[in-house]
Amino acid sequence: MLLTITTTAALAGSPASDLGFLLHKHPDKAQAFGQSFGTAHVFYPEAGEERCTAALLLDVDPVALVRTRGKGTPDFSLGQYVNDRPYAASSLLASAMANTFRTAMRGRCDARPELAARPIPLEVVLPALPCRGGPERAERYFAPLGWRVEAAPVPLDPAFPEWGDSRYVTLRLAGELRLADALNQLYVLLPVLDEAKHYWIASDEVDKLIRAGEGWLAAHPDRAAITRRYLANRRGLVRAALGRLADADGAPEDELDRDPLEEEPPPVDPTAAEPGAPEPDPESEGAAEPPVPLAERRIRAVLETLHAERAARVIDLGCGTGKLVARLKQDRRFEKITGVDVSYRAVQIAHRRGLPDQAGPDRPPRVEILQSALTYTDERFRGYDAAVLMEVIEHVDPPRLGAVERVVFGDASPAVVVVTTPNVEYNVRYEGLAPGAARHPDHRFEWTRAEFEEWAGRVAAAFGYRVRYVPVGDDDPEVGAPTQMGVFVKEAA
């Protein structure tokens with residue numbers, strides 16, 4: 001099997017052959033690297049001033065492959081020796097890449113650090129790639145990463161066109177990316193498109209996926225499907241990986257509570273990173289600064305409100321994996337912090353992140369994570385200065401919303417309650433969101449500003465609070481801000 005990587009222009013005033021520095025392989029040498037299943041050869045078919053091509057040729061030993069075979073290898077006796085593994089790009093090639101280009105995949109190049117850190121023009125060619133889902137699947141996975149994709153199906157037999165196409169494609173990618181990003185994307189997506197691995201899937205595969213997917217996988221529109229295929233449908237591993245990806249800015253925590261083995265992922269939550277918001281005017285002041293994601297602006301707004309209300313003991317109701325709890329923990333002004341979520345998986349992930357403090361015999365924990373439902377009275381919710389429901393109420397079925405009101409505002413009765421929820425009027429500003437569609441499939445409703453104020457005013461009057469409204473995000477003069485926040489303050493007795 002063969003992989004070629006070409007750069008087609010001089011690199012920052014240096015010859016294109018400086019690609020060899022980035023790959024840590026000299027263009028004048030042909031090198032061989034032993035693998036458990038064969039030998040990987042690295043050589044340069046061309047290395048000139050304006051164009052340089054590096055090739056990775058993997059020579060698979062079928063007998064060695066049998067010794068290392070995994071779930072994806074055919075089980076019948078002849079199939080262990082006669083298969084497409086020596087000829088088609090797959091997890092074997094991904095493993096060879098990780099072994100031969102390890103330093104390049106980490107983005108390290110001491111000789112040319114400026115090249116390693118910047119996008120360069122690249123062309124990648126894979127003559128035979130198993131692609132379950134056809135050329136459209138390759139386009140779907142690579143195009144969002146900035147590649148121009150050409151995926152030509154390989155016919156079963158050119159002499160008999162009526163037989164149709166095989167499951168293989170000839171893949172050509174072109175674009176300007178960091179070499180490290182390109183290699184890591186290939187490392188993840190080659191076995192994903194093939195939907196098979198030559199080795200057993202263990203728990204460390206989650207770490208490999210998160211490491212290789214850093215900076216691109218969390219924001220990919222098909223991240224759930226990619227994760228599922230990469231981890232061979234292992235439910236526990238898929239859930240753990242999606243939970244860790246949810247900690248990245250722009251990834252909705254709601255991924256935790258959907259079935260990760262569904263064929264298609266849900267739409268991306270536009271509230272996380274404002275993907276469809278209007279582009280900033282490049283001529284405007286401060287346009288050089290990257291926009292702050294809405295998820296971050298929401299957290300900052302909540303923190304500012306808690307500081308203004310002098311809340312020292314805070315409970316985050318519906319905390320998910322603990323994004324807000326982690327930020328509260330960093331601020332020593334908060335003396336007691338508790339996160340609560342109904343999802344057992346979310347609570348597990350928050351614990352694995354090390355958010356709760358270890359309690360001692362004479363030292364109660366400053367940070368706790370609890371599993372509980374907001375629709376049932378829980379004495380552990382009492383005794384806090386402030387409660388936060390950040391992007392929570394829209395996930396509650398309307399008939400059960402009254403129970404949440406009684407539990408939070410009535411029984412727990414903190415001095416301050418902070419509630420944020422999407423403003424449905426702003427949805428028209430999101431590109432790709434169909435008219436009338438919710439921002440996430442788990443949202444039971446999304447309110448207009450008037451609907452939110454009607455609900456908040458009624459709740460405040462019923463439980464002895466006064467409420468003020470704070471827009472979060474860019475406040476559009478026509479449709480308002482993308483997130484609306486209500487700050488409820490308990491009236492003096």
# chains A, B, ... in the order shown; residues from 1 in each chain; ligands from 1

$ select_by_dssp --residues "region 284-434 of chain A" --states "strand (DSSP E or B)" --output "number ranges by chain"
A: 313-317, 336-341, 360, 363, 367-371, 386-390, 416-423

$ residues_around --residues "Met390 (chain A)" --least-positions-apart "5" --cutoff "9 Å" --atoms "only C-alpha atoms" --output "PDB file with N, CA and C atoms, in the first residue's frame"
ATOM      1  N   ARG A 298     -20.948  32.649  27.838  1.00  0.00           N
ATOM      2  CA  ARG A 298     -22.006  32.274  28.768  1.00  0.00           C
ATOM      3  C   ARG A 298     -21.423  31.999  30.159  1.00  0.00           C
ATOM      4  N   ILE A 299     -20.323  31.252  30.208  1.00  0.00           N
ATOM      5  CA  ILE A 299     -19.688  30.960  31.496  1.00  0.00           C
ATOM      6  C   ILE A 299     -19.212  32.249  32.162  1.00  0.00           C
ATOM      7  N   VAL A 302     -22.111  34.103  33.724  1.00  0.00           N
ATOM      8  CA  VAL A 302     -22.555  33.480  34.969  1.00  0.00           C
ATOM      9  C   VAL A 302     -21.595  33.813  36.107  1.00  0.00           C
ATOM     10  N   ASP A 316     -24.326  23.949  40.972  1.00  0.00           N
ATOM     11  CA  ASP A 316     -24.567  23.944  39.528  1.00  0.00           C
ATOM     12  C   ASP A 316     -25.501  22.788  39.219  1.00  0.00           C
ATOM     13  N   LEU A 317     -26.751  23.084  38.945  1.00  0.00           N
ATOM     14  CA  LEU A 317     -27.771  22.064  38.704  1.00  0.00           C
ATOM     15  C   LEU A 317     -27.835  21.754  37.213  1.00  0.00           C
ATOM     16  N   GLY A 318     -27.518  20.503  36.860  1.00  0.00           N
ATOM     17  CA  GLY A 318     -27.374  20.127  35.463  1.00  0.00           C
ATOM     18  C   GLY A 318     -25.973  20.452  34.983  1.00  0.00           C
ATOM     19  N   CYS A 319     -24.974  20.016  35.740  1.00  0.00           N
ATOM     20  CA  CYS A 319     -23.583  20.441  35.508  1.00  0.00           C
ATOM     21  C   CYS A 319     -22.906  19.732  34.351  1.00  0.00           C
ATOM     22  N   LEU A 324     -18.534  24.342  34.063  1.00  0.00           N
ATOM     23  CA  LEU A 324     -18.669  25.484  34.969  1.00  0.00           C
ATOM     24  C   LEU A 324     -18.050  25.166  36.324  1.00  0.00           C
ATOM     25  N   VAL A 418     -29.570  31.599  38.897  1.00  0.00           N
ATOM     26  CA  VAL A 418     -29.166  32.081  37.573  1.00  0.00           C
ATOM     27  C   VAL A 418     -29.619  31.051  36.538  1.00  0.00           C
ATOM     28  N   VAL A 419     -30.420  31.476  35.576  1.00  0.00           N
ATOM     29  CA  VAL A 419     -30.951  30.575  34.550  1.00  0.00           C
ATOM     30  C   VAL A 419     -30.563  31.127  33.178  1.00  0.00           C
ATOM     31  N   THR A 420     -29.955  30.287  32.342  1.00  0.00           N
ATOM     32  CA  THR A 420     -29.712  30.658  30.948  1.00  0.00           C
ATOM     33  C   THR A 420     -30.407  29.656  30.041  1.00  0.00           C
ATOM     34  N   THR A 421     -30.845  30.140  28.870  1.00  0.00           N
ATOM     35  CA  THR A 421     -31.540  29.282  27.909  1.00  0.00           C
ATOM     36  C   THR A 421     -31.423  29.929  26.527  1.00  0.00           C
ATOM     37  N   MET A 485     -30.491  35.306  29.770  1.00  0.00           N
ATOM     38  CA  MET A 485     -30.203  34.916  31.145  1.00  0.00           C
ATOM     39  C   MET A 485     -31.131  35.661  32.089  1.00  0.00           C
TER      40      MET A 485
END

$ closest_residue --among "A:Arg234, A:Tyr344, A:Arg106, A:Ala386" --to "Ala308 (chain A)" --atoms "only C-alpha atoms"
A:Ala386

$ residues_around --residues "region 468-478 of chain A" --least-positions-apart "6" --cutoff "9 Å" --atoms "only C-alpha atoms" --output "list in words"
Pro293, Leu294, Arg297, Arg298, Ala301, Thr420, Glu425, Tyr426, Glu453, Gln484, Met485, Gly486, Val487, Phe488 and Val489 of chain A

$ write_last_selection --atoms "N, CA and C atoms" --output "CSV table (one decimal), in the first residue's frame"
chain,number,residue,atom,x,y,z
A,293,PRO,N,-16.0,32.1,21.8
A,293,PRO,CA,-17.2,31.2,21.6
A,293,PRO,C,-18.3,31.6,22.5
A,294,LEU,N,-19.5,31.4,22.1
A,294,LEU,CA,-20.7,31.7,23.0
A,294,LEU,C,-20.6,30.9,24.2
A,297,ARG,N,-18.5,32.8,26.6
A,297,ARG,CA,-19.2,34.1,27.0
A,297,ARG,C,-20.3,33.8,28.0
A,298,ARG,N,-20.9,32.6,27.8
A,298,ARG,CA,-22.0,32.3,28.8
A,298,ARG,C,-21.4,32.0,30.2
A,301,ALA,N,-20.4,35.2,31.8
A,301,ALA,CA,-21.6,36.0,32.3
A,301,ALA,C,-22.1,35.4,33.6
A,420,THR,N,-30.0,30.3,32.3
A,420,THR,CA,-29.7,30.7,30.9
A,420,THR,C,-30.4,29.7,30.0
A,425,GLU,N,-35.5,33.3,18.9
A,425,GLU,CA,-35.6,34.3,17.8
A,425,GLU,C,-34.2,34.5,17.1
A,426,TYR,N,-33.1,34.1,17.8
A,426,TYR,CA,-31.8,34.3,17.2
A,426,TYR,C,-31.5,33.2,16.2
A,453,GLU,N,-39.5,35.7,29.5
A,453,GLU,CA,-39.8,36.7,30.5
A,453,GLU,C,-41.2,36.4,31.2
A,484,GLN,N,-30.3,34.0,26.5
A,484,GLN,CA,-31.0,34.9,27.4
A,484,GLN,C,-30.8,34.4,28.8
A,485,MET,N,-30.5,35.3,29.8
A,485,MET,CA,-30.2,34.9,31.1
A,485,MET,C,-31.1,35.7,32.1
A,486,GLY,N,-31.7,34.9,33.0
A,486,GLY,CA,-32.5,35.5,34.1
A,486,GLY,C,-31.8,35.4,35.4
A,487,VAL,N,-31.7,36.5,36.2
A,487,VAL,CA,-31.1,36.4,37.5
A,487,VAL,C,-32.2,36.7,38.5
A,488,PHE,N,-32.5,35.7,39.3
A,488,PHE,CA,-33.5,35.7,40.3
A,488,PHE,C,-32.9,36.0,41.7
A,489,VAL,N,-33.3,37.0,42.4
A,489,VAL,CA,-32.8,37.4,43.7
A,489,VAL,C,-33.9,37.3,44.7

$ closest_residue --among "A:Arg353, A:Tyr187, A:Thr321, A:Arg366" --to "Arg333 (chain A)" --atoms "only C-alpha atoms"
A:Arg366

$ closest_residue --among "A:Ala460, A:Ala312, A:His443, A:Phe409" --to "Ile393 (chain A)" --atoms "only C-alpha atoms"
A:His443

$ residues_around --residues "region 96-104 of chain A" --least-positions-apart "3" --cutoff "12 Å" --atoms "only C-alpha atoms" --output "number ranges by chain"
A: 1-5, 19-25, 31-43, 54-60, 89-93, 107-110, 112-113, 115-117, 178-188, 190, 208, 212

$ atom_distance --atom1 "CA of Arg244 (chain A)" --atom2 "CA of Ile210 (chain A)"
7.8 Å

$ residues_around --residues "Glu335 (chain A)" --least-positions-apart "6" --cutoff "10 Å" --atoms "only C-alpha atoms" --output "list in words"
Ala311, Ala312, Arg313, Val314, Leu328, Lys329, Pro365, Arg366 and Val367 of chain A

$ select_by_dssp --residues "region 286-403 of chain A" --states "helix (DSSP H, G or I)" --output "count of residues only"
44
